[in-house]
Amino acid sequence: MLLVVSVVGMPAAEPLFHWIEPDARQVVYDRADFYVLLGRHLLVVGIAAIVTIVVGVLAGIAVTRQRGSDFLPLVGQLASLGQTFPPVAVLALAVPVLGFGTLPIIVALMLYGLLPIVRNTLAGLQGVEGDIKTAAHAMGMTPTQILRQVELPLAAPVILAGIRTSVTINIATAALGATVGASNLGDPIIAGIVNGNMAYVLQGALTIALLALAVDSLFELLQRKLHSRLSAP
């Protein structure tokens with residue numbers, strides 16, 4: 001509700017922003033509607049999240065199988081490597097290759113958000129007790145059936161926690177896309193920094209914070225439902 005109110009009712013708060021920036025002629029960011037910026041922000045984060053989830057979970061599954069166990073350290077190191085580079089540095093390296101726009105920030109978000117998903121996928125799958133898998137095998141289940149019907153459901157809460165962390169972090173990180181021409185909720189922040197207008201900065205930062213809280217709350221609700229389902233007799 002707070003997110004909706006802030007996006008729709010931002011112009012109504014003009015007196016408050018005038019109090020913050022009394023010398024500014026324009027205190028409410030109006031180069032684009034906030035709901036448009038919100039949609040662009042969600043699109044970038046959503047695309048990066050989908051790709052990262054698919055790659056991270058599949059990589060975690062692959063290296064926890066017998067054939068891929070030799071690559072487990074390598075996958076962990078590659079996932080960690082993505083967070084050793086600051087997103088700004090990734091953007092600086094990606095722009096000459098990919099050009100300005102949305103694609104560089106999607107690449108940066110994918111690299112930055114991969115580690116929590118890979119790490120939690122590994123932790124979740126490795127945390128499934130061997131006795132459970134042995135019992136499933138004794139019942140005649142194939143390795144694929146054990147993975148789909150036993151391991152992944154039991155590991156799902158841990159994997160979901162990693163996805164929650166990755167997406168929440170990337171909601172804030174995506175604001176950097178405004179520096180390379182990717183229009184999103186980072187636009188008011190960058191415009192405010194350039195023009196010395198703290199009202200713009202506050203509007204962008206507040207909306208991003210509320211978006212992160214809203215998405216995090218949705219993940220929390222999903223985790224509770226998942227936990228209740230797994231705990232049900």
# chains A, B, ... in the order shown; residues from 1 in each chain; ligands from 1
call {"tool": "residues_around", "arguments": {"residues": "segment 216-220 of chain A", "least_positions_apart": "2", "cutoff": "9 Å", "atoms": "only C-alpha atoms", "output": "list in words"}}
result
Leu160, Ala161, Ile163, Arg164, Thr165, Val167, Thr168, Leu211, Ala212, Leu213, Ala214, Leu222, Gln223, Arg224 and Lys225 of chain A
call {"tool": "residues_around", "arguments": {"residues": "segment 85-88 of chain A", "least_positions_apart": "5", "cutoff": "12 Å", "atoms": "only C-alpha atoms", "output": "PDB file with N, CA, C and O atoms, in the first residue's frame"}}
result
ATOM      1  N   LEU A  78      33.179 -19.476  -9.369  1.00  0.00           N
ATOM      2  CA  LEU A  78      32.657 -18.609 -10.432  1.00  0.00           C
ATOM      3  C   LEU A  78      31.487 -17.764  -9.927  1.00  0.00           C
ATOM      4  O   LEU A  78      31.371 -16.585 -10.271  1.00  0.00           O
ATOM      5  N   ALA A  79      30.623 -18.370  -9.110  1.00  0.00           N
ATOM      6  CA  ALA A  79      29.499 -17.609  -8.548  1.00  0.00           C
ATOM      7  C   ALA A  79      30.000 -16.516  -7.608  1.00  0.00           C
ATOM      8  O   ALA A  79      29.485 -15.396  -7.609  1.00  0.00           O
ATOM      9  N   SER A  80      31.014 -16.840  -6.815  1.00  0.00           N
ATOM     10  CA  SER A  80      31.573 -15.843  -5.894  1.00  0.00           C
ATOM     11  C   SER A  80      32.268 -14.722  -6.650  1.00  0.00           C
ATOM     12  O   SER A  80      32.282 -13.576  -6.200  1.00  0.00           O
ATOM     13  N   LEU A  93      32.684  -2.166 -17.849  1.00  0.00           N
ATOM     14  CA  LEU A  93      33.246  -3.146 -18.776  1.00  0.00           C
ATOM     15  C   LEU A  93      32.221  -3.592 -19.819  1.00  0.00           C
ATOM     16  O   LEU A  93      32.587  -3.934 -20.955  1.00  0.00           O
ATOM     17  N   ALA A  94      30.938  -3.591 -19.428  1.00  0.00           N
ATOM     18  CA  ALA A  94      29.904  -4.106 -20.330  1.00  0.00           C
ATOM     19  C   ALA A  94      29.475  -3.084 -21.376  1.00  0.00           C
ATOM     20  O   ALA A  94      29.129  -3.458 -22.502  1.00  0.00           O
ATOM     21  N   VAL A  95      29.490  -1.804 -21.030  1.00  0.00           N
ATOM     22  CA  VAL A  95      28.998  -0.782 -21.954  1.00  0.00           C
ATOM     23  C   VAL A  95      29.761  -0.756 -23.276  1.00  0.00           C
ATOM     24  O   VAL A  95      29.137  -0.679 -24.346  1.00  0.00           O
ATOM     25  N   PRO A 104      23.357  -3.867 -20.361  1.00  0.00           N
ATOM     26  CA  PRO A 104      24.483  -3.908 -19.410  1.00  0.00           C
ATOM     27  C   PRO A 104      24.050  -4.085 -17.960  1.00  0.00           C
ATOM     28  O   PRO A 104      24.690  -4.825 -17.208  1.00  0.00           O
ATOM     29  N   ILE A 105      22.968  -3.432 -17.541  1.00  0.00           N
ATOM     30  CA  ILE A 105      22.541  -3.567 -16.144  1.00  0.00           C
ATOM     31  C   ILE A 105      21.955  -4.949 -15.889  1.00  0.00           C
ATOM     32  O   ILE A 105      22.099  -5.502 -14.786  1.00  0.00           O
ATOM     33  N   ILE A 106      21.334  -5.556 -16.889  1.00  0.00           N
ATOM     34  CA  ILE A 106      20.838  -6.930 -16.716  1.00  0.00           C
ATOM     35  C   ILE A 106      22.004  -7.880 -16.498  1.00  0.00           C
ATOM     36  O   ILE A 106      21.958  -8.751 -15.620  1.00  0.00           O
ATOM     37  N   VAL A 107      23.072  -7.709 -17.282  1.00  0.00           N
ATOM     38  CA  VAL A 107      24.265  -8.544 -17.112  1.00  0.00           C
ATOM     39  C   VAL A 107      24.865  -8.344 -15.723  1.00  0.00           C
ATOM     40  O   VAL A 107      25.230  -9.304 -15.042  1.00  0.00           O
ATOM     41  N   ALA A 108      24.947  -7.084 -15.287  1.00  0.00           N
ATOM     42  CA  ALA A 108      25.504  -6.795 -13.961  1.00  0.00           C
ATOM     43  C   ALA A 108      24.656  -7.422 -12.862  1.00  0.00           C
ATOM     44  O   ALA A 108      25.195  -7.992 -11.901  1.00  0.00           O
ATOM     45  N   LEU A 109      23.337  -7.352 -12.985  1.00  0.00           N
ATOM     46  CA  LEU A 109      22.459  -7.934 -11.978  1.00  0.00           C
ATOM     47  C   LEU A 109      22.567  -9.451 -11.965  1.00  0.00           C
ATOM     48  O   LEU A 109      22.506 -10.078 -10.887  1.00  0.00           O
ATOM     49  N   MET A 110      22.714 -10.055 -13.127  1.00  0.00           N
ATOM     50  CA  MET A 110      22.873 -11.510 -13.186  1.00  0.00           C
ATOM     51  C   MET A 110      24.142 -11.951 -12.455  1.00  0.00           C
ATOM     52  O   MET A 110      24.119 -12.900 -11.671  1.00  0.00           O
ATOM     53  N   LEU A 111      25.234 -11.265 -12.707  1.00  0.00           N
ATOM     54  CA  LEU A 111      26.493 -11.626 -12.047  1.00  0.00           C
ATOM     55  C   LEU A 111      26.416 -11.385 -10.550  1.00  0.00           C
ATOM     56  O   LEU A 111      26.896 -12.187  -9.743  1.00  0.00           O
ATOM     57  N   TYR A 112      25.798 -10.285 -10.169  1.00  0.00           N
ATOM     58  CA  TYR A 112      25.749  -9.896  -8.763  1.00  0.00           C
ATOM     59  C   TYR A 112      24.764 -10.751  -7.970  1.00  0.00           C
ATOM     60  O   TYR A 112      24.942 -10.945  -6.764  1.00  0.00           O
ATOM     61  N   GLY A 113      23.737 -11.257  -8.633  1.00  0.00           N
ATOM     62  CA  GLY A 113      22.715 -12.014  -7.914  1.00  0.00           C
ATOM     63  C   GLY A 113      22.874 -13.514  -7.976  1.00  0.00           C
ATOM     64  O   GLY A 113      22.054 -14.251  -7.409  1.00  0.00           O
ATOM     65  N   ILE A 169      18.415  -7.672  -3.126  1.00  0.00           N
ATOM     66  CA  ILE A 169      19.645  -6.902  -3.342  1.00  0.00           C
ATOM     67  C   ILE A 169      19.630  -6.229  -4.709  1.00  0.00           C
ATOM     68  O   ILE A 169      20.009  -5.059  -4.855  1.00  0.00           O
ATOM     69  N   ASN A 170      19.171  -6.959  -5.710  1.00  0.00           N
ATOM     70  CA  ASN A 170      19.210  -6.429  -7.075  1.00  0.00           C
ATOM     71  C   ASN A 170      18.201  -5.323  -7.315  1.00  0.00           C
ATOM     72  O   ASN A 170      18.367  -4.521  -8.243  1.00  0.00           O
ATOM     73  N   ALA A 172      17.781  -2.803  -5.377  1.00  0.00           N
ATOM     74  CA  ALA A 172      18.544  -1.593  -5.087  1.00  0.00           C
ATOM     75  C   ALA A 172      19.663  -1.388  -6.099  1.00  0.00           C
ATOM     76  O   ALA A 172      19.908  -0.262  -6.558  1.00  0.00           O
ATOM     77  N   THR A 173      20.327  -2.473  -6.477  1.00  0.00           N
ATOM     78  CA  THR A 173      21.462  -2.373  -7.395  1.00  0.00           C
ATOM     79  C   THR A 173      21.031  -1.902  -8.783  1.00  0.00           C
ATOM     80  O   THR A 173      21.786  -1.213  -9.477  1.00  0.00           O
ATOM     81  N   ALA A 174      19.820  -2.235  -9.184  1.00  0.00           N
ATOM     82  CA  ALA A 174      19.340  -1.880 -10.522  1.00  0.00           C
ATOM     83  C   ALA A 174      19.304  -0.378 -10.755  1.00  0.00           C
ATOM     84  O   ALA A 174      19.312   0.078 -11.905  1.00  0.00           O
ATOM     85  N   ALA A 175      19.267   0.407  -9.673  1.00  0.00           N
ATOM     86  CA  ALA A 175      19.246   1.863  -9.827  1.00  0.00           C
ATOM     87  C   ALA A 175      20.475   2.372 -10.564  1.00  0.00           C
ATOM     88  O   ALA A 175      20.434   3.428 -11.214  1.00  0.00           O
ATOM     89  N   LEU A 176      21.579   1.611 -10.503  1.00  0.00           N
ATOM     90  CA  LEU A 176      22.796   2.021 -11.205  1.00  0.00           C
ATOM     91  C   LEU A 176      22.612   2.019 -12.713  1.00  0.00           C
ATOM     92  O   LEU A 176      23.391   2.635 -13.438  1.00  0.00           O
ATOM     93  N   GLY A 177      21.592   1.328 -13.193  1.00  0.00           N
ATOM     94  CA  GLY A 177      21.342   1.297 -14.626  1.00  0.00           C
ATOM     95  C   GLY A 177      21.070   2.669 -15.210  1.00  0.00           C
ATOM     96  O   GLY A 177      21.291   2.902 -16.402  1.00  0.00           O
ATOM     97  N   ALA A 178      20.585   3.581 -14.371  1.00  0.00           N
ATOM     98  CA  ALA A 178      20.324   4.937 -14.860  1.00  0.00           C
ATOM     99  C   ALA A 178      21.593   5.638 -15.315  1.00  0.00           C
ATOM    100  O   ALA A 178      21.531   6.589 -16.100  1.00  0.00           O
ATOM    101  N   THR A 179      22.742   5.190 -14.835  1.00  0.00           N
ATOM    102  CA  THR A 179      24.006   5.813 -15.243  1.00  0.00           C
ATOM    103  C   THR A 179      24.421   5.411 -16.652  1.00  0.00           C
ATOM    104  O   THR A 179      25.299   6.052 -17.226  1.00  0.00           O
ATOM    105  N   VAL A 180      23.827   4.349 -17.181  1.00  0.00           N
ATOM    106  CA  VAL A 180      24.201   3.882 -18.528  1.00  0.00           C
ATOM    107  C   VAL A 180      23.000   3.915 -19.472  1.00  0.00           C
ATOM    108  O   VAL A 180      22.954   3.186 -20.453  1.00  0.00           O
TER     109      VAL A 180
END
call {"tool": "residues_around", "arguments": {"residues": "segment 13-19 of chain A", "least_positions_apart": "5", "cutoff": "12 Å", "atoms": "only C-alpha atoms", "output": "ChimeraX atom specification"}}
result
/A:5-8,24-30,197-203
call {"tool": "residues_around", "arguments": {"residues": "Ala156 of chain A", "least_positions_apart": "3", "cutoff": "12 Å", "atoms": "only C-alpha atoms", "output": "MDAnalysis selection string"}}
result
chainID A and resid 57 117 120:125 127:128 147:153 159:164 222:227 229:230
call {"tool": "residues_around", "arguments": {"residues": "Leu72 of chain A", "least_positions_apart": "4", "cutoff": "12 Å", "atoms": "only C-alpha atoms", "output": "VMD selection string"}}
result
chain A and resid 59 to 68 76 to 79 118 to 119 121 to 123 126
call {"tool": "residues_around", "arguments": {"residues": "Gly101 of chain A", "least_positions_apart": "2", "cutoff": "6 Å", "atoms": "only C-alpha atoms", "output": "CSV table (one decimal) with N, CA and C atoms, in the first residue's frame"}}
result
chain,number,residue,atom,x,y,z
A,103,LEU,N,20.6,-3.7,-21.4
A,103,LEU,CA,21.3,-4.9,-21.4
A,103,LEU,C,22.5,-4.9,-20.4
A,180,VAL,N,23.8,4.3,-17.2
A,180,VAL,CA,24.2,3.9,-18.5
A,180,VAL,C,23.0,3.9,-19.5
A,181,GLY,N,22.0,4.7,-19.1
A,181,GLY,CA,20.9,4.9,-20.1
A,181,GLY,C,19.7,4.0,-19.9
A,182,ALA,N,19.7,3.2,-18.8
A,182,ALA,CA,18.6,2.3,-18.6
A,182,ALA,C,17.6,3.0,-17.7
call {"tool": "residues_around", "arguments": {"residues": "Ser183 of chain A", "least_positions_apart": "6", "cutoff": "12 Å", "atoms": "only C-alpha atoms", "output": "PDB file with N, CA, C and O atoms, in the first residue's frame"}}
result
ATOM      1  N   ARG A  31      10.174  14.000 -15.322  1.00  0.00           N
ATOM      2  CA  ARG A  31      10.607  13.603 -16.666  1.00  0.00           C
ATOM      3  C   ARG A  31       9.951  12.303 -17.116  1.00  0.00           C
ATOM      4  O   ARG A  31       9.909  12.002 -18.306  1.00  0.00           O
ATOM      5  N   ALA A  32       9.472  11.541 -16.168  1.00  0.00           N
ATOM      6  CA  ALA A  32       8.706  10.322 -16.449  1.00  0.00           C
ATOM      7  C   ALA A  32       7.845  10.035 -15.236  1.00  0.00           C
ATOM      8  O   ALA A  32       8.219  10.352 -14.106  1.00  0.00           O
ATOM      9  N   ASP A  33       6.676   9.448 -15.466  1.00  0.00           N
ATOM     10  CA  ASP A  33       5.803   9.094 -14.350  1.00  0.00           C
ATOM     11  C   ASP A  33       6.454   7.999 -13.509  1.00  0.00           C
ATOM     12  O   ASP A  33       7.128   7.095 -14.040  1.00  0.00           O
ATOM     13  N   PHE A  34       6.224   8.059 -12.221  1.00  0.00           N
ATOM     14  CA  PHE A  34       6.861   7.090 -11.331  1.00  0.00           C
ATOM     15  C   PHE A  34       6.352   5.668 -11.580  1.00  0.00           C
ATOM     16  O   PHE A  34       7.094   4.705 -11.390  1.00  0.00           O
ATOM     17  N   VAL A  36       5.669   4.459 -14.448  1.00  0.00           N
ATOM     18  CA  VAL A  36       6.409   3.997 -15.623  1.00  0.00           C
ATOM     19  C   VAL A  36       7.813   3.564 -15.224  1.00  0.00           C
ATOM     20  O   VAL A  36       8.303   2.505 -15.641  1.00  0.00           O
ATOM     21  N   LEU A  37       8.465   4.374 -14.396  1.00  0.00           N
ATOM     22  CA  LEU A  37       9.800   4.017 -13.908  1.00  0.00           C
ATOM     23  C   LEU A  37       9.757   2.735 -13.085  1.00  0.00           C
ATOM     24  O   LEU A  37      10.665   1.906 -13.174  1.00  0.00           O
ATOM     25  N   LEU A  38       8.688   2.580 -12.299  1.00  0.00           N
ATOM     26  CA  LEU A  38       8.531   1.361 -11.499  1.00  0.00           C
ATOM     27  C   LEU A  38       8.411   0.134 -12.404  1.00  0.00           C
ATOM     28  O   LEU A  38       9.035  -0.910 -12.141  1.00  0.00           O
ATOM     29  N   GLY A  39       7.619   0.245 -13.461  1.00  0.00           N
ATOM     30  CA  GLY A  39       7.472  -0.872 -14.387  1.00  0.00           C
ATOM     31  C   GLY A  39       8.783  -1.233 -15.060  1.00  0.00           C
ATOM     32  O   GLY A  39       9.112  -2.423 -15.204  1.00  0.00           O
ATOM     33  N   ARG A  40       9.551  -0.222 -15.480  1.00  0.00           N
ATOM     34  CA  ARG A  40      10.849  -0.490 -16.101  1.00  0.00           C
ATOM     35  C   ARG A  40      11.810  -1.129 -15.105  1.00  0.00           C
ATOM     36  O   ARG A  40      12.583  -2.029 -15.461  1.00  0.00           O
ATOM     37  N   HIS A  41      11.758  -0.672 -13.871  1.00  0.00           N
ATOM     38  CA  HIS A  41      12.624  -1.220 -12.823  1.00  0.00           C
ATOM     39  C   HIS A  41      12.299  -2.696 -12.595  1.00  0.00           C
ATOM     40  O   HIS A  41      13.204  -3.550 -12.537  1.00  0.00           O
ATOM     41  N   LEU A  42      11.019  -3.001 -12.472  1.00  0.00           N
ATOM     42  CA  LEU A  42      10.600  -4.381 -12.254  1.00  0.00           C
ATOM     43  C   LEU A  42      10.947  -5.268 -13.439  1.00  0.00           C
ATOM     44  O   LEU A  42      11.309  -6.443 -13.267  1.00  0.00           O
ATOM     45  N   LEU A  43      10.856  -4.719 -14.644  1.00  0.00           N
ATOM     46  CA  LEU A  43      11.176  -5.495 -15.843  1.00  0.00           C
ATOM     47  C   LEU A  43      12.638  -5.914 -15.848  1.00  0.00           C
ATOM     48  O   LEU A  43      12.968  -7.086 -16.090  1.00  0.00           O
ATOM     49  N   VAL A  44      13.521  -4.961 -15.557  1.00  0.00           N
ATOM     50  CA  VAL A  44      14.958  -5.258 -15.545  1.00  0.00           C
ATOM     51  C   VAL A  44      15.290  -6.286 -14.467  1.00  0.00           C
ATOM     52  O   VAL A  44      15.983  -7.278 -14.717  1.00  0.00           O
ATOM     53  N   PHE A 100      25.034   1.329 -24.512  1.00  0.00           N
ATOM     54  CA  PHE A 100      24.220   1.900 -23.449  1.00  0.00           C
ATOM     55  C   PHE A 100      22.808   1.325 -23.493  1.00  0.00           C
ATOM     56  O   PHE A 100      22.336   0.877 -24.532  1.00  0.00           O
ATOM     57  N   GLY A 101      22.141   1.338 -22.355  1.00  0.00           N
ATOM     58  CA  GLY A 101      20.770   0.849 -22.304  1.00  0.00           C
ATOM     59  C   GLY A 101      20.567  -0.189 -21.219  1.00  0.00           C
ATOM     60  O   GLY A 101      21.302  -0.250 -20.232  1.00  0.00           O
ATOM     61  N   THR A 102      19.575  -1.041 -21.446  1.00  0.00           N
ATOM     62  CA  THR A 102      19.138  -1.989 -20.425  1.00  0.00           C
ATOM     63  C   THR A 102      20.037  -3.205 -20.298  1.00  0.00           C
ATOM     64  O   THR A 102      20.220  -3.739 -19.202  1.00  0.00           O
ATOM     65  N   LEU A 103      20.602  -3.668 -21.407  1.00  0.00           N
ATOM     66  CA  LEU A 103      21.349  -4.924 -21.398  1.00  0.00           C
ATOM     67  C   LEU A 103      22.524  -4.930 -20.431  1.00  0.00           C
ATOM     68  O   LEU A 103      22.727  -5.916 -19.711  1.00  0.00           O
ATOM     69  N   ILE A 105      22.968  -3.432 -17.541  1.00  0.00           N
ATOM     70  CA  ILE A 105      22.541  -3.567 -16.144  1.00  0.00           C
ATOM     71  C   ILE A 105      21.955  -4.949 -15.889  1.00  0.00           C
ATOM     72  O   ILE A 105      22.099  -5.502 -14.786  1.00  0.00           O
ATOM     73  N   ALA A 174      19.820  -2.235  -9.184  1.00  0.00           N
ATOM     74  CA  ALA A 174      19.340  -1.880 -10.522  1.00  0.00           C
ATOM     75  C   ALA A 174      19.304  -0.378 -10.755  1.00  0.00           C
ATOM     76  O   ALA A 174      19.312   0.078 -11.905  1.00  0.00           O
ATOM     77  N   ALA A 175      19.267   0.407  -9.673  1.00  0.00           N
ATOM     78  CA  ALA A 175      19.246   1.863  -9.827  1.00  0.00           C
ATOM     79  C   ALA A 175      20.475   2.372 -10.564  1.00  0.00           C
ATOM     80  O   ALA A 175      20.434   3.428 -11.214  1.00  0.00           O
ATOM     81  N   LEU A 176      21.579   1.611 -10.503  1.00  0.00           N
ATOM     82  CA  LEU A 176      22.796   2.021 -11.205  1.00  0.00           C
ATOM     83  C   LEU A 176      22.612   2.019 -12.713  1.00  0.00           C
ATOM     84  O   LEU A 176      23.391   2.635 -13.438  1.00  0.00           O
ATOM     85  N   GLY A 177      21.592   1.328 -13.193  1.00  0.00           N
ATOM     86  CA  GLY A 177      21.342   1.297 -14.626  1.00  0.00           C
ATOM     87  C   GLY A 177      21.070   2.669 -15.210  1.00  0.00           C
ATOM     88  O   GLY A 177      21.291   2.902 -16.402  1.00  0.00           O
ATOM     89  N   ILE A 189      17.301   9.639  -8.794  1.00  0.00           N
ATOM     90  CA  ILE A 189      18.490   9.704  -7.938  1.00  0.00           C
ATOM     91  C   ILE A 189      19.651  10.332  -8.703  1.00  0.00           C
ATOM     92  O   ILE A 189      20.330  11.241  -8.200  1.00  0.00           O
ATOM     93  N   ILE A 190      19.889   9.866  -9.914  1.00  0.00           N
ATOM     94  CA  ILE A 190      20.990  10.401 -10.718  1.00  0.00           C
ATOM     95  C   ILE A 190      20.725  11.870 -11.063  1.00  0.00           C
ATOM     96  O   ILE A 190      21.631  12.716 -10.982  1.00  0.00           O
ATOM     97  N   ALA A 191      19.478  12.184 -11.436  1.00  0.00           N
ATOM     98  CA  ALA A 191      19.139  13.574 -11.751  1.00  0.00           C
ATOM     99  C   ALA A 191      19.327  14.469 -10.530  1.00  0.00           C
ATOM    100  O   ALA A 191      19.804  15.603 -10.645  1.00  0.00           O
TER     101      ALA A 191
END
call {"tool": "atom_distance", "arguments": {"atom1": "atom CA of Gly46 of chain A", "atom2": "atom CA of Leu98 of chain A"}}
result
19.4 Å
